>>> print(open('my_file_23.tsv').read())   # TSV, C-alpha atoms
chain	number	residue	atom	x	y	z
X	23	MET	CA	50.00	-22.71	91.23
X	24	ALA	CA	50.48	-24.86	94.30
X	25	LEU	CA	53.95	-23.39	94.80
X	26	LEU	CA	52.59	-19.83	94.52
X	27	ASP	CA	49.81	-20.67	96.95
X	28	GLN	CA	52.33	-22.13	99.39
X	29	THR	CA	54.53	-19.03	99.07
X	30	GLN	CA	51.54	-16.75	99.68
X	31	ARG	CA	50.57	-18.71	102.78
X	32	LEU	CA	54.16	-18.71	104.00
X	33	ILE	CA	54.54	-14.94	103.66
X	34	SER	CA	51.27	-13.82	105.15
X	35	ARG	CA	49.82	-12.33	108.31
X	36	LYS	CA	46.52	-12.61	110.12
X	37	PHE	CA	44.59	-9.40	110.79
X	38	ARG	CA	41.49	-8.80	112.89
X	39	VAL	CA	38.67	-6.95	111.09
X	40	ARG	CA	37.36	-3.85	112.85
X	41	GLY	CA	34.03	-2.40	111.74
X	42	SER	CA	31.24	-3.67	109.50
X	43	SER	CA	31.91	-1.99	106.15
X	44	MET	CA	32.97	-5.31	104.56
X	45	GLU	CA	29.98	-7.34	105.73
X	46	PRO	CA	28.56	-9.79	104.89
X	47	ALA	CA	31.76	-11.49	103.65
X	48	PHE	CA	33.95	-10.17	106.47
X	49	ALA	CA	32.19	-9.59	109.77
X	50	ALA	CA	33.53	-7.32	112.48
X	51	GLY	CA	35.83	-9.33	114.74
X	52	SER	CA	36.61	-11.96	112.11
X	53	THR	CA	40.13	-12.75	110.93
X	54	VAL	CA	41.61	-12.35	107.45
X	55	VAL	CA	44.91	-13.59	106.08
X	56	ILE	CA	46.75	-11.17	103.82
X	57	SER	CA	49.80	-11.79	101.66
X	58	PRO	CA	51.93	-9.16	99.90
X	59	VAL	CA	53.24	-11.80	97.48
X	60	SER	CA	50.17	-11.93	95.22
X	61	PHE	CA	50.84	-8.68	93.41
X	62	ILE	CA	54.54	-9.19	92.68
X	63	TRP	CA	53.88	-10.92	89.36
X	64	ARG	CA	50.49	-9.56	88.42
X	65	PRO	CA	48.35	-6.48	89.08
X	66	PRO	CA	45.27	-6.65	91.33
X	67	ARG	CA	42.04	-7.88	89.70
X	68	ARG	CA	38.44	-6.78	89.97
X	69	GLY	CA	36.59	-8.41	92.84
X	70	GLU	CA	39.70	-9.10	94.91
X	71	VAL	CA	39.71	-8.02	98.54
X	72	ILE	CA	42.82	-6.18	99.53
X	73	GLY	CA	44.61	-4.53	102.44
X	74	LEU	CA	45.63	-0.95	101.68
X	75	TYR	CA	46.73	2.25	103.32
X	76	SER	CA	44.00	4.87	103.07
X	77	PRO	CA	44.81	7.80	100.77
X	78	GLU	CA	43.22	10.01	103.46
X	79	ASP	CA	45.38	8.78	106.30
X	80	LYS	CA	48.54	6.86	105.51
X	81	GLU	CA	48.51	5.32	109.00
X	82	ARG	CA	45.11	3.67	108.52
X	83	PHE	CA	45.24	0.11	107.20
X	84	GLU	CA	41.95	-0.71	105.49
X	85	LEU	CA	40.09	-3.66	104.05
X	86	LYS	CA	38.36	-2.96	100.70
X	87	ARG	CA	37.32	-4.65	97.48
X	88	ILE	CA	38.62	-3.62	94.06
X	89	VAL	CA	35.87	-2.76	91.57
X	90	GLY	CA	37.53	-0.35	89.13
X	91	LEU	CA	40.80	-0.95	87.27
X	92	PRO	CA	43.27	1.47	85.64
X	93	GLY	CA	41.89	3.09	82.49
X	94	GLU	CA	38.25	2.35	83.34
X	95	ALA	CA	35.45	4.86	83.85
X	96	VAL	CA	33.61	4.20	87.12
X	97	SER	CA	30.16	5.66	87.78
X	98	TRP	CA	28.19	5.27	90.97
X	99	LYS	CA	24.91	6.31	92.45
X	100	GLY	CA	24.24	5.34	96.04
X	101	GLY	CA	25.79	1.89	96.37
X	102	LEU	CA	25.32	0.88	92.73
X	103	ILE	CA	28.34	0.88	90.42
X	104	TRP	CA	28.83	0.97	86.66
X	105	ILE	CA	32.10	0.19	84.86
X	106	ASN	CA	32.45	1.83	81.44
X	107	GLY	CA	28.68	2.34	81.46
X	108	GLN	CA	27.83	-1.28	82.27
X	109	PRO	CA	26.24	-2.15	85.63
X	110	LEU	CA	28.54	-4.16	87.89
X	111	LEU	CA	26.85	-7.30	89.16
X	112	GLU	CA	27.98	-7.88	92.72
X	113	SER	CA	26.62	-10.84	94.62
X	114	TYR	CA	28.88	-9.99	97.57
X	115	ALA	CA	27.61	-6.44	98.12
X	116	ILE	CA	24.85	-4.96	100.22
X	117	ALA	CA	24.16	-2.18	97.76
X	118	THR	CA	21.65	0.50	98.60
X	119	SER	CA	19.65	2.57	96.20
X	120	ALA	CA	20.46	6.25	95.80
X	121	ILE	CA	19.17	8.98	98.07
X	122	PRO	CA	16.28	10.72	96.25
X	123	GLY	CA	17.69	13.55	94.18
X	124	GLU	CA	21.22	12.14	94.26
X	125	GLU	CA	23.09	12.65	90.99
X	126	PRO	CA	25.33	9.89	89.58
X	127	ARG	CA	29.04	10.54	89.90
X	128	ARG	CA	31.79	9.47	87.52
X	129	LEU	CA	35.52	9.04	87.73
X	130	GLU	CA	38.03	8.05	85.07
X	131	LEU	CA	40.89	6.03	86.47
X	132	GLY	CA	44.40	6.81	85.29
X	133	PRO	CA	47.36	4.42	85.05
X	134	GLY	CA	48.01	2.72	88.37
X	135	GLU	CA	44.71	3.93	89.87
X	136	TYR	CA	42.09	1.60	91.38
X	137	PHE	CA	38.55	2.20	92.63
X	138	VAL	CA	37.91	0.42	95.92
X	139	VAL	CA	34.69	0.07	97.91
X	140	GLY	CA	33.35	-1.64	101.00
X	141	ASP	CA	30.83	-4.43	100.43
X	142	ASN	CA	28.41	-2.90	102.94
X	143	ARG	CA	27.93	0.22	100.83
X	144	LEU	CA	25.84	2.32	103.19
X	145	TYR	CA	28.43	1.95	105.94
X	146	SER	CA	31.63	2.34	103.98
X	147	ARG	CA	33.95	5.25	103.41
X	148	ASP	CA	35.83	4.42	100.25
X	149	SER	CA	36.77	5.61	96.74
X	150	ARG	CA	33.30	7.12	96.38
X	151	LEU	CA	34.47	9.70	98.91
X	152	TYR	CA	38.24	9.75	98.85
X	153	GLY	CA	38.81	8.98	95.16
X	154	PRO	CA	41.09	6.40	93.55
X	155	VAL	CA	43.86	4.55	95.36
X	156	TRP	CA	47.30	3.97	93.91
X	157	LEU	CA	48.78	0.57	93.21
X	158	THR	CA	51.58	1.55	95.59
X	159	ASP	CA	49.04	1.96	98.43
X	160	ILE	CA	47.83	-1.61	97.99
X	161	VAL	CA	49.70	-3.82	100.40
X	162	GLY	CA	48.37	-7.29	99.78
X	163	GLN	CA	45.56	-9.63	98.86
X	164	VAL	CA	43.19	-11.35	101.25
X	165	LEU	CA	43.74	-15.07	100.77
X	166	PRO	CA	40.81	-17.44	100.55
X	167	SER	CA	39.97	-19.23	103.76
X	168	GLU	CA	41.61	-22.64	104.09
X	169	ASN	CA	38.54	-24.05	105.83
E	20	MET	CA	56.04	-2.33	89.38
E	21	LYS	CA	59.50	-1.14	90.37
E	22	LEU	CA	61.62	-3.13	92.79
E	23	SER	CA	61.64	-0.15	95.19
E	24	HIS	CA	57.82	-0.27	95.28
E	25	GLN	CA	57.88	-3.98	96.01
E	26	ILE	CA	60.27	-3.41	98.89
E	27	GLN	CA	58.02	-0.58	100.14
E	28	ARG	CA	55.03	-2.93	99.93
E	29	PHE	CA	56.72	-5.59	102.03
E	30	TRP	CA	57.83	-2.99	104.55
E	31	ALA	CA	54.27	-1.58	104.71
E	32	PHE	CA	52.93	-5.11	105.12
E	33	PHE	CA	55.14	-6.02	108.03
E	34	LYS	CA	54.62	-2.71	109.87
E	35	ALA	CA	50.82	-2.82	109.42
E	36	PRO	CA	48.83	-2.85	112.68
E	37	GLN	CA	47.16	-6.06	113.82
E	38	ASP	CA	43.69	-4.61	113.24
E	39	ILE	CA	42.53	-3.91	109.71
E	40	GLN	CA	39.89	-1.22	109.41
E	41	ALA	CA	36.55	-1.90	107.80
E	42	HIS	CA	35.17	1.14	109.51
E	43	CYS	CA	31.58	2.24	109.32
E	44	ASP	CA	31.64	5.83	108.25
E	45	ILE	CA	28.23	6.58	106.82
E	46	PRO	CA	28.49	8.65	103.65
E	47	CYS	CA	25.13	10.31	104.29
E	48	GLY	CA	25.82	13.14	101.86
E	49	ILE	CA	24.30	15.70	104.25
E	50	TYR	CA	26.29	18.90	104.47
E	51	ASP	CA	25.34	22.39	105.64
E	52	PRO	CA	27.53	25.47	106.07
E	53	HIS	CA	25.21	26.85	108.76
E	54	THR	CA	27.28	25.48	111.64
E	55	ALA	CA	30.35	27.28	110.27
E	56	GLN	CA	28.37	30.52	110.15
E	57	ILE	CA	27.19	30.13	113.74
E	58	ALA	CA	30.75	29.41	114.85
E	59	ALA	CA	32.00	32.53	113.03
E	60	LEU	CA	29.21	34.60	114.62
E	61	THR	CA	30.25	33.26	118.03
E	62	VAL	CA	33.82	34.39	117.35
E	63	ILE	CA	32.45	37.87	116.57
E	64	ARG	CA	30.44	37.91	119.80
E	65	MET	CA	33.43	36.83	121.90
E	66	ASN	CA	35.51	39.64	120.40
E	67	GLN	CA	32.73	42.11	121.20
E	68	LEU	CA	32.61	40.87	124.79
E	69	ILE	CA	36.40	41.09	125.09
E	70	GLN	CA	36.29	44.69	123.80
E	71	ASP	CA	33.47	45.55	126.25
E	72	LEU	CA	35.38	44.32	129.30
E	73	PRO	CA	36.30	47.16	131.69
E	74	LYS	CA	39.91	48.20	131.28
E	75	ILE	CA	42.15	46.87	134.00
E	76	THR	CA	43.54	49.63	136.26
E	77	PRO	CA	45.98	49.79	139.19
E	78	GLU	CA	43.08	50.83	141.43
E	79	MET	CA	41.14	47.65	140.79
E	80	SER	CA	40.54	45.45	143.80
E	81	ALA	CA	41.87	41.91	143.88
E	82	LYS	CA	38.30	40.66	143.56
E	83	ASP	CA	37.65	42.78	140.44
E	84	ARG	CA	40.93	41.60	138.89
E	85	GLU	CA	39.95	38.02	139.57
E	86	THR	CA	36.55	38.61	137.93
E	87	TYR	CA	38.25	40.29	134.97
E	88	MET	CA	40.71	37.45	134.46
E	89	HIS	CA	37.98	34.86	134.76
E	90	GLN	CA	35.74	36.56	132.19
E	91	LEU	CA	38.59	37.22	129.78
E	92	SER	CA	39.73	33.60	129.99
E	93	ARG	CA	36.23	32.33	129.25
E	94	TYR	CA	35.76	34.62	126.26
E	95	VAL	CA	39.16	33.73	124.84
E	96	LYS	CA	38.52	30.00	125.29
E	97	VAL	CA	35.13	30.15	123.57
E	98	LYS	CA	36.62	32.28	120.77
E	99	GLU	CA	39.39	29.70	120.26
E	100	ASP	CA	37.00	26.75	120.35
E	101	HIS	CA	34.55	28.23	117.86
E	102	ALA	CA	37.23	29.38	115.44
E	103	GLU	CA	38.39	25.75	115.43
E	104	ILE	CA	34.80	24.47	114.99
E	105	CYS	CA	34.48	26.85	112.04
E	106	LYS	CA	37.68	25.43	110.52
E	107	HIS	CA	36.51	21.87	111.05
E	108	GLU	CA	33.13	22.51	109.41
E	109	LEU	CA	34.78	24.23	106.45
E	110	ARG	CA	37.28	21.38	106.05
E	111	VAL	CA	34.45	18.84	105.82
E	112	ILE	CA	32.59	20.85	103.17
E	113	TRP	CA	35.79	21.62	101.28
E	114	GLY	CA	37.17	18.07	101.36
E	115	ASP	CA	34.04	15.91	101.31
E	116	TYR	CA	31.33	17.89	99.54
E	117	PHE	CA	33.06	19.93	96.86
E	118	LYS	CA	34.52	17.99	93.95
E	119	PRO	CA	36.86	18.97	91.08
E	120	ASP	CA	33.84	19.54	88.81
E	121	HIS	CA	32.71	22.44	91.02
E	122	LEU	CA	35.85	24.37	90.04
E	123	LYS	CA	34.32	24.98	86.62
E	124	THR	CA	31.50	26.97	88.22
E	125	PHE	CA	33.54	28.37	91.11
E	126	PRO	CA	37.11	28.85	89.86
E	127	ASP	CA	38.10	30.70	93.07
E	128	LEU	CA	36.74	27.93	95.33
E	129	HIS	CA	40.11	26.85	96.71
E	130	THR	CA	41.27	30.43	97.28
E	131	THR	CA	38.07	31.26	99.13
E	132	PHE	CA	38.42	28.25	101.44
E	133	TRP	CA	42.11	28.94	101.93
E	134	ASP	CA	41.36	32.57	102.87
E	135	ALA	CA	38.65	31.44	105.30
E	136	MET	CA	41.00	28.96	106.99
E	137	LYS	CA	43.68	31.62	107.34
E	138	LEU	CA	41.15	34.08	108.77
E	139	ALA	CA	39.92	31.50	111.27
E	140	SER	CA	43.51	30.91	112.36
E	141	LYS	CA	43.98	34.67	112.73
E	142	CYS	CA	40.83	34.77	114.87
E	143	ARG	CA	42.42	32.19	117.15
E	144	THR	CA	45.74	33.96	117.53
E	145	GLU	CA	44.34	37.48	117.93
E	146	ALA	CA	41.46	39.26	119.66
E	147	ASN	CA	40.49	41.14	116.51
E	148	LEU	CA	36.87	42.05	115.74
E	149	ASP	CA	37.71	43.05	112.16
E	150	SER	CA	39.14	39.61	111.43
E	151	ALA	CA	36.08	37.96	112.98
E	152	ASN	CA	33.75	40.02	110.76
E	153	GLN	CA	35.88	39.13	107.73
E	154	LEU	CA	35.67	35.46	108.71
E	155	LEU	CA	31.87	35.50	108.80
E	156	ALA	CA	31.79	37.29	105.42
E	157	LYS	CA	34.12	34.66	103.94
E	158	VAL	CA	32.09	31.79	105.41
E	159	GLN	CA	28.97	33.32	103.87
E	160	GLN	CA	30.74	33.49	100.52
E	161	ILE	CA	31.35	29.73	100.87
E	162	ALA	CA	27.75	29.14	101.99
E	163	GLU	CA	26.56	30.96	98.87
E	164	MET	CA	28.76	28.78	96.63
E	165	PHE	CA	27.55	25.67	98.47
E	166	TRP	CA	23.84	26.42	97.97
E	167	LYS	CA	24.32	27.64	94.41
E	168	SER	CA	26.07	24.36	93.58
E	169	LYS	CA	22.79	22.70	94.54
E	170	GLY	CA	20.80	25.19	92.46
E	171	VAL	CA	19.37	26.83	95.57
E	172	ASP	CA	19.04	30.61	95.95
E	173	VAL	CA	20.11	32.31	99.16
E	174	LYS	CA	19.12	35.32	101.20
E	175	LYS	CA	20.64	37.20	104.11
E	176	GLN	CA	18.59	38.11	107.12
E	177	PRO	CA	19.33	39.55	110.56
E	178	SER	CA	20.86	37.03	112.96
E	179	ASN	CA	18.59	38.26	115.79
E	180	GLN	CA	21.44	37.44	118.16
E	181	ASN	CA	23.35	39.72	120.55
E	182	ALA	CA	26.21	39.73	118.05
E	183	LYS	CA	23.92	41.50	115.53
E	184	GLY	CA	24.95	41.06	111.90
E	185	GLU	CA	23.32	38.82	109.31
E	186	LEU	CA	23.25	35.14	108.48
E	187	LEU	CA	22.81	33.59	105.07
E	188	TYR	CA	20.03	31.06	104.52
E	189	PRO	CA	18.86	28.91	101.58
E	190	VAL	CA	15.55	30.02	100.11
E	191	ALA	CA	12.80	27.44	99.78
E	192	LYS	CA	12.04	26.74	96.11
>>> encode(input="my_file_23.tsv", output="structure tokens")
Amino acid sequence: MALLDQTQRLISRKFRVRGSSMEPAFAAGSTVVISPVSFIWRPPRRGEVIGLYSPEDKERFELKRIVGLPGEAVSWKGGLIWINGQPLLESYAIATSAIPGEEPRRLELGPGEYFVVGDNRLYSRDSRLYGPVWLTDIVGQVLPSEN
Amino acid sequence: MKLSHQIQRFWAFFKAPQDIQAHCDIPCGIYDPHTAQIAALTVIRMNQLIQDLPKITPEMSAKDRETYMHQLSRYVKVKEDHAEICKHELRVIWGDYFKPDHLKTFPDLHTTFWDAMKLASKCRTEANLDSANQLLAKVQQIAEMFWKSKGVDVKKQPSNQNAKGELLYPVAK
């Protein structure tokens, strides 16, 4: 594990966060370290924060969190999310309740498809709007802070 | 994952910009096709004004020609701008509001949007009142689908604008 961690740190880059859609964990102006090594041997996992190219604009490099994995059914209403009908408990999220009258939405993820969201749900444009992202759009994992 | 994808990932990683976006786009869920209708009505009005301009003649004074050119340029510019506003508004409703589920109720949804976008482009490239009228009719078709998807009835009523014609409104339940 130590060797993998060293390799990830060695092949990594620092990025500056723009915008507040990943608050409170990642504030605007803060720095994240991303490595493309993590997903060579294993697929991304739920709860991991990743760097990806937006399916809406392939030039836009985004910071999001994975909540839905391939083969799962994701439902959402406002900022609240259910996976296969079970509510997702997210201590990291600022989830808002639904707008009155808002209907729940549902999406079944196919092979290689992931559902990504911003932690600051009210201020995030993510899979709730642009749909699933492909494994091939996911560039790397945000590494835990060394501090 | 294939080796080619891994290579792509590393390439994408190293070419990524220094700033990573956690942008704050508020998904408010508020959409309304009214702006697209107003833009289409403006395109109609600009075509009417272009048609009503006095025909240019060899006898016209330099001052009258200057006035003519100035007015024509303004009308054409506003026509262009509002045809583009109409396209923008339709794109937002098409891409952000409507979802695959809506196709069950409105199987011709994509064709209707596609036709409207093509008509709006035609309204930009030509000074053609017929196309502008067709654009408004197509936008109203979309507005009707939009409100029906929310279970809201619609009605047409006079625009009460110089362009005449009608606009489509949701009816209060």
>>> atom_distance(input="my_file_23.tsv", atom1="atom CA of E:Thr54", atom2="atom CA of E:Leu148")
19.6 Å
>>> residues_around(input="my_file_23.tsv", residues="X:Leu102", least_positions_apart="2", cutoff="12 Å", atoms="all atoms listed in the file", output="MDAnalysis selection string")
chainID X and resid 89 96:100 104:105 107:113 115:121 126:128 139:144 150
>>> write_last_selection(input="my_file_23.tsv", atoms="C-alpha atoms", output="PDB file, in the coordinates of the input")
ATOM      1  CA  VAL X  89      35.870  -2.760  91.570  1.00  0.00           C
ATOM      2  CA  VAL X  96      33.610   4.200  87.120  1.00  0.00           C
ATOM      3  CA  SER X  97      30.160   5.660  87.780  1.00  0.00           C
ATOM      4  CA  TRP X  98      28.190   5.270  90.970  1.00  0.00           C
ATOM      5  CA  LYS X  99      24.910   6.310  92.450  1.00  0.00           C
ATOM      6  CA  GLY X 100      24.240   5.340  96.040  1.00  0.00           C
ATOM      7  CA  TRP X 104      28.830   0.970  86.660  1.00  0.00           C
ATOM      8  CA  ILE X 105      32.100   0.190  84.860  1.00  0.00           C
ATOM      9  CA  GLY X 107      28.680   2.340  81.460  1.00  0.00           C
ATOM     10  CA  GLN X 108      27.830  -1.280  82.270  1.00  0.00           C
ATOM     11  CA  PRO X 109      26.240  -2.150  85.630  1.00  0.00           C
ATOM     12  CA  LEU X 110      28.540  -4.160  87.890  1.00  0.00           C
ATOM     13  CA  LEU X 111      26.850  -7.300  89.160  1.00  0.00           C
ATOM     14  CA  GLU X 112      27.980  -7.880  92.720  1.00  0.00           C
ATOM     15  CA  SER X 113      26.620 -10.840  94.620  1.00  0.00           C
ATOM     16  CA  ALA X 115      27.610  -6.440  98.120  1.00  0.00           C
ATOM     17  CA  ILE X 116      24.850  -4.960 100.220  1.00  0.00           C
ATOM     18  CA  ALA X 117      24.160  -2.180  97.760  1.00  0.00           C
ATOM     19  CA  THR X 118      21.650   0.500  98.600  1.00  0.00           C
ATOM     20  CA  SER X 119      19.650   2.570  96.200  1.00  0.00           C
ATOM     21  CA  ALA X 120      20.460   6.250  95.800  1.00  0.00           C
ATOM     22  CA  ILE X 121      19.170   8.980  98.070  1.00  0.00           C
ATOM     23  CA  PRO X 126      25.330   9.890  89.580  1.00  0.00           C
ATOM     24  CA  ARG X 127      29.040  10.540  89.900  1.00  0.00           C
ATOM     25  CA  ARG X 128      31.790   9.470  87.520  1.00  0.00           C
ATOM     26  CA  VAL X 139      34.690   0.070  97.910  1.00  0.00           C
ATOM     27  CA  GLY X 140      33.350  -1.640 101.000  1.00  0.00           C
ATOM     28  CA  ASP X 141      30.830  -4.430 100.430  1.00  0.00           C
ATOM     29  CA  ASN X 142      28.410  -2.900 102.940  1.00  0.00           C
ATOM     30  CA  ARG X 143      27.930   0.220 100.830  1.00  0.00           C
ATOM     31  CA  LEU X 144      25.840   2.320 103.190  1.00  0.00           C
ATOM     32  CA  ARG X 150      33.300   7.120  96.380  1.00  0.00           C
TER      33      ARG X 150
END
>>> atom_distance(input="my_file_23.tsv", atom1="atom CA of X:Ser52", atom2="atom CA of X:Phe37")
8.5 Å
>>> closest_atom_pairs(input="my_file_23.tsv", of="chain X", to="chain E", cutoff="10 Å", atoms="all atoms listed in the file", output="CSV")
residue,atom,partner,partner_atom,distance
X:Ile33,CA,E:Phe29,CA,9.7
X:Ser34,CA,E:Phe32,CA,8.9
X:Arg35,CA,E:Phe33,CA,8.3
X:Lys36,CA,E:Gln37,CA,7.5
X:Phe37,CA,E:Gln37,CA,5.2
X:Arg38,CA,E:Asp38,CA,4.7
X:Val39,CA,E:Ile39,CA,5.1
X:Arg40,CA,E:Gln40,CA,5.0
X:Gly41,CA,E:His42,CA,4.3
X:Ser42,CA,E:Ala41,CA,5.8
X:Ser43,CA,E:Ala41,CA,4.9
X:Met44,CA,E:Ala41,CA,5.9
X:Glu45,CA,E:Ala41,CA,8.8
X:Phe48,CA,E:Ala41,CA,8.8
X:Ala49,CA,E:Ala41,CA,9.1
X:Ala50,CA,E:Ala41,CA,7.8
X:Gly51,CA,E:Asp38,CA,9.3
X:Thr53,CA,E:Asp38,CA,9.2
X:Val54,CA,E:Ile39,CA,8.8
X:Ile56,CA,E:Phe32,CA,8.8
X:Ser57,CA,E:Phe32,CA,8.1
X:Pro58,CA,E:Phe29,CA,6.3
X:Val59,CA,E:Phe29,CA,8.4
X:Phe61,CA,E:Gln25,CA,8.9
X:Ile62,CA,E:Gln25,CA,7.0
X:Trp63,CA,E:Met20,CA,8.9
X:Arg64,CA,E:Met20,CA,9.2
X:Pro65,CA,E:Met20,CA,8.7
X:Gly73,CA,E:Ile39,CA,7.6
X:Leu74,CA,E:Phe32,CA,9.1
X:Tyr75,CA,E:Ala31,CA,8.6
X:Ser76,CA,E:Gln40,CA,9.7
X:Glu81,CA,E:Ala35,CA,8.5
X:Arg82,CA,E:Gln40,CA,7.2
X:Phe83,CA,E:Ile39,CA,5.5
X:Glu84,CA,E:Gln40,CA,4.5
X:Leu85,CA,E:Ala41,CA,5.4
X:Lys86,CA,E:Ala41,CA,7.4
X:Gly100,CA,E:Pro46,CA,9.3
X:Ile121,CA,E:Gly48,CA,8.7
X:Glu124,CA,E:Gly48,CA,8.9
X:Gly134,CA,E:Met20,CA,9.5
X:Gly140,CA,E:Ala41,CA,7.5
X:Asp141,CA,E:Ala41,CA,9.7
X:Asn142,CA,E:Cys43,CA,8.8
X:Arg143,CA,E:Ile45,CA,8.7
X:Leu144,CA,E:Ile45,CA,6.1
X:Tyr145,CA,E:Cys43,CA,4.6
X:Ser146,CA,E:Cys43,CA,5.3
X:Arg147,CA,E:Asp44,CA,5.4
X:Asp148,CA,E:Pro46,CA,9.1
X:Arg150,CA,E:Pro46,CA,8.9
X:Leu151,CA,E:Asp115,CA,6.7
X:Tyr152,CA,E:Asp115,CA,7.9
X:Leu157,CA,E:Met20,CA,8.7
X:Thr158,CA,E:His24,CA,6.5
X:Asp159,CA,E:Arg28,CA,7.9
X:Ile160,CA,E:Arg28,CA,7.6
X:Val161,CA,E:Arg28,CA,5.4
X:Gly162,CA,E:Phe32,CA,7.4
>>> write_last_selection(input="my_file_23.tsv", atoms="C-alpha atoms", output="tab-separated table (two decimals), in the frame of the given file")
chain	number	residue	atom	x	y	z
X	33	ILE	CA	54.54	-14.94	103.66
X	34	SER	CA	51.27	-13.82	105.15
X	35	ARG	CA	49.82	-12.33	108.31
X	36	LYS	CA	46.52	-12.61	110.12
X	37	PHE	CA	44.59	-9.40	110.79
X	38	ARG	CA	41.49	-8.80	112.89
X	39	VAL	CA	38.67	-6.95	111.09
X	40	ARG	CA	37.36	-3.85	112.85
X	41	GLY	CA	34.03	-2.40	111.74
X	42	SER	CA	31.24	-3.67	109.50
X	43	SER	CA	31.91	-1.99	106.15
X	44	MET	CA	32.97	-5.31	104.56
X	45	GLU	CA	29.98	-7.34	105.73
X	48	PHE	CA	33.95	-10.17	106.47
X	49	ALA	CA	32.19	-9.59	109.77
X	50	ALA	CA	33.53	-7.32	112.48
X	51	GLY	CA	35.83	-9.33	114.74
X	53	THR	CA	40.13	-12.75	110.93
X	54	VAL	CA	41.61	-12.35	107.45
X	56	ILE	CA	46.75	-11.17	103.82
X	57	SER	CA	49.80	-11.79	101.66
X	58	PRO	CA	51.93	-9.16	99.90
X	59	VAL	CA	53.24	-11.80	97.48
X	61	PHE	CA	50.84	-8.68	93.41
X	62	ILE	CA	54.54	-9.19	92.68
X	63	TRP	CA	53.88	-10.92	89.36
X	64	ARG	CA	50.49	-9.56	88.42
X	65	PRO	CA	48.35	-6.48	89.08
X	73	GLY	CA	44.61	-4.53	102.44
X	74	LEU	CA	45.63	-0.95	101.68
X	75	TYR	CA	46.73	2.25	103.32
X	76	SER	CA	44.00	4.87	103.07
X	81	GLU	CA	48.51	5.32	109.00
X	82	ARG	CA	45.11	3.67	108.52
X	83	PHE	CA	45.24	0.11	107.20
X	84	GLU	CA	41.95	-0.71	105.49
X	85	LEU	CA	40.09	-3.66	104.05
X	86	LYS	CA	38.36	-2.96	100.70
X	100	GLY	CA	24.24	5.34	96.04
X	121	ILE	CA	19.17	8.98	98.07
X	124	GLU	CA	21.22	12.14	94.26
X	134	GLY	CA	48.01	2.72	88.37
X	140	GLY	CA	33.35	-1.64	101.00
X	141	ASP	CA	30.83	-4.43	100.43
X	142	ASN	CA	28.41	-2.90	102.94
X	143	ARG	CA	27.93	0.22	100.83
X	144	LEU	CA	25.84	2.32	103.19
X	145	TYR	CA	28.43	1.95	105.94
X	146	SER	CA	31.63	2.34	103.98
X	147	ARG	CA	33.95	5.25	103.41
X	148	ASP	CA	35.83	4.42	100.25
X	150	ARG	CA	33.30	7.12	96.38
X	151	LEU	CA	34.47	9.70	98.91
X	152	TYR	CA	38.24	9.75	98.85
X	157	LEU	CA	48.78	0.57	93.21
X	158	THR	CA	51.58	1.55	95.59
X	159	ASP	CA	49.04	1.96	98.43
X	160	ILE	CA	47.83	-1.61	97.99
X	161	VAL	CA	49.70	-3.82	100.40
X	162	GLY	CA	48.37	-7.29	99.78
>>> residues_around(input="my_file_23.tsv", residues="X:Glu70", least_positions_apart="6", cutoff="8 Å", atoms="all atoms listed in the file", output="JSON, numbers by chain")
{"X": [87, 88, 163, 164]}
>>> closest_residue(input="my_file_23.tsv", among="X:Val155, X:Pro92, X:Arg31, X:Leu165", to="X:Lys80", atoms="all atoms listed in the file")
X:Val155
>>> decode(input="my_file_23.tsv", residues="stretch 183-192 of chain E", atoms="N, CA and C atoms", output="PDB file, in the first residue's frame")
ATOM      1  N   LYS E 183     -48.773  42.373 -33.994  1.00  0.00           N
ATOM      2  CA  LYS E 183     -50.047  41.619 -34.011  1.00  0.00           C
ATOM      3  C   LYS E 183     -49.789  40.155 -33.629  1.00  0.00           C
ATOM      4  N   GLY E 184     -50.618  39.262 -34.141  1.00  0.00           N
ATOM      5  CA  GLY E 184     -50.433  37.845 -33.840  1.00  0.00           C
ATOM      6  C   GLY E 184     -50.834  37.493 -32.410  1.00  0.00           C
ATOM      7  N   GLU E 185     -50.615  36.221 -32.076  1.00  0.00           N
ATOM      8  CA  GLU E 185     -51.011  35.732 -30.754  1.00  0.00           C
ATOM      9  C   GLU E 185     -49.814  35.140 -30.014  1.00  0.00           C
ATOM     10  N   LEU E 186     -49.952  35.128 -28.701  1.00  0.00           N
ATOM     11  CA  LEU E 186     -48.964  34.445 -27.859  1.00  0.00           C
ATOM     12  C   LEU E 186     -49.677  33.367 -27.049  1.00  0.00           C
ATOM     13  N   LEU E 187     -48.931  32.362 -26.680  1.00  0.00           N
ATOM     14  CA  LEU E 187     -49.513  31.237 -25.937  1.00  0.00           C
ATOM     15  C   LEU E 187     -49.134  31.359 -24.459  1.00  0.00           C
ATOM     16  N   TYR E 188     -50.133  31.227 -23.605  1.00  0.00           N
ATOM     17  CA  TYR E 188     -49.904  31.374 -22.159  1.00  0.00           C
ATOM     18  C   TYR E 188     -50.418  30.148 -21.412  1.00  0.00           C
ATOM     19  N   PRO E 189     -49.797  29.836 -20.238  1.00  0.00           N
ATOM     20  CA  PRO E 189     -50.366  28.789 -19.383  1.00  0.00           C
ATOM     21  C   PRO E 189     -51.626  29.317 -18.707  1.00  0.00           C
ATOM     22  N   VAL E 190     -52.570  28.427 -18.481  1.00  0.00           N
ATOM     23  CA  VAL E 190     -53.824  28.829 -17.835  1.00  0.00           C
ATOM     24  C   VAL E 190     -53.753  28.458 -16.362  1.00  0.00           C
ATOM     25  N   ALA E 191     -54.110  29.417 -15.508  1.00  0.00           N
ATOM     26  CA  ALA E 191     -54.082  29.148 -14.067  1.00  0.00           C
ATOM     27  C   ALA E 191     -55.063  28.035 -13.742  1.00  0.00           C
ATOM     28  N   LYS E 192     -54.615  27.085 -12.901  1.00  0.00           N
ATOM     29  CA  LYS E 192     -55.487  25.954 -12.537  1.00  0.00           C
ATOM     30  C   LYS E 192     -56.585  26.404 -11.592  1.00  0.00           C
TER      31      LYS E 192
END
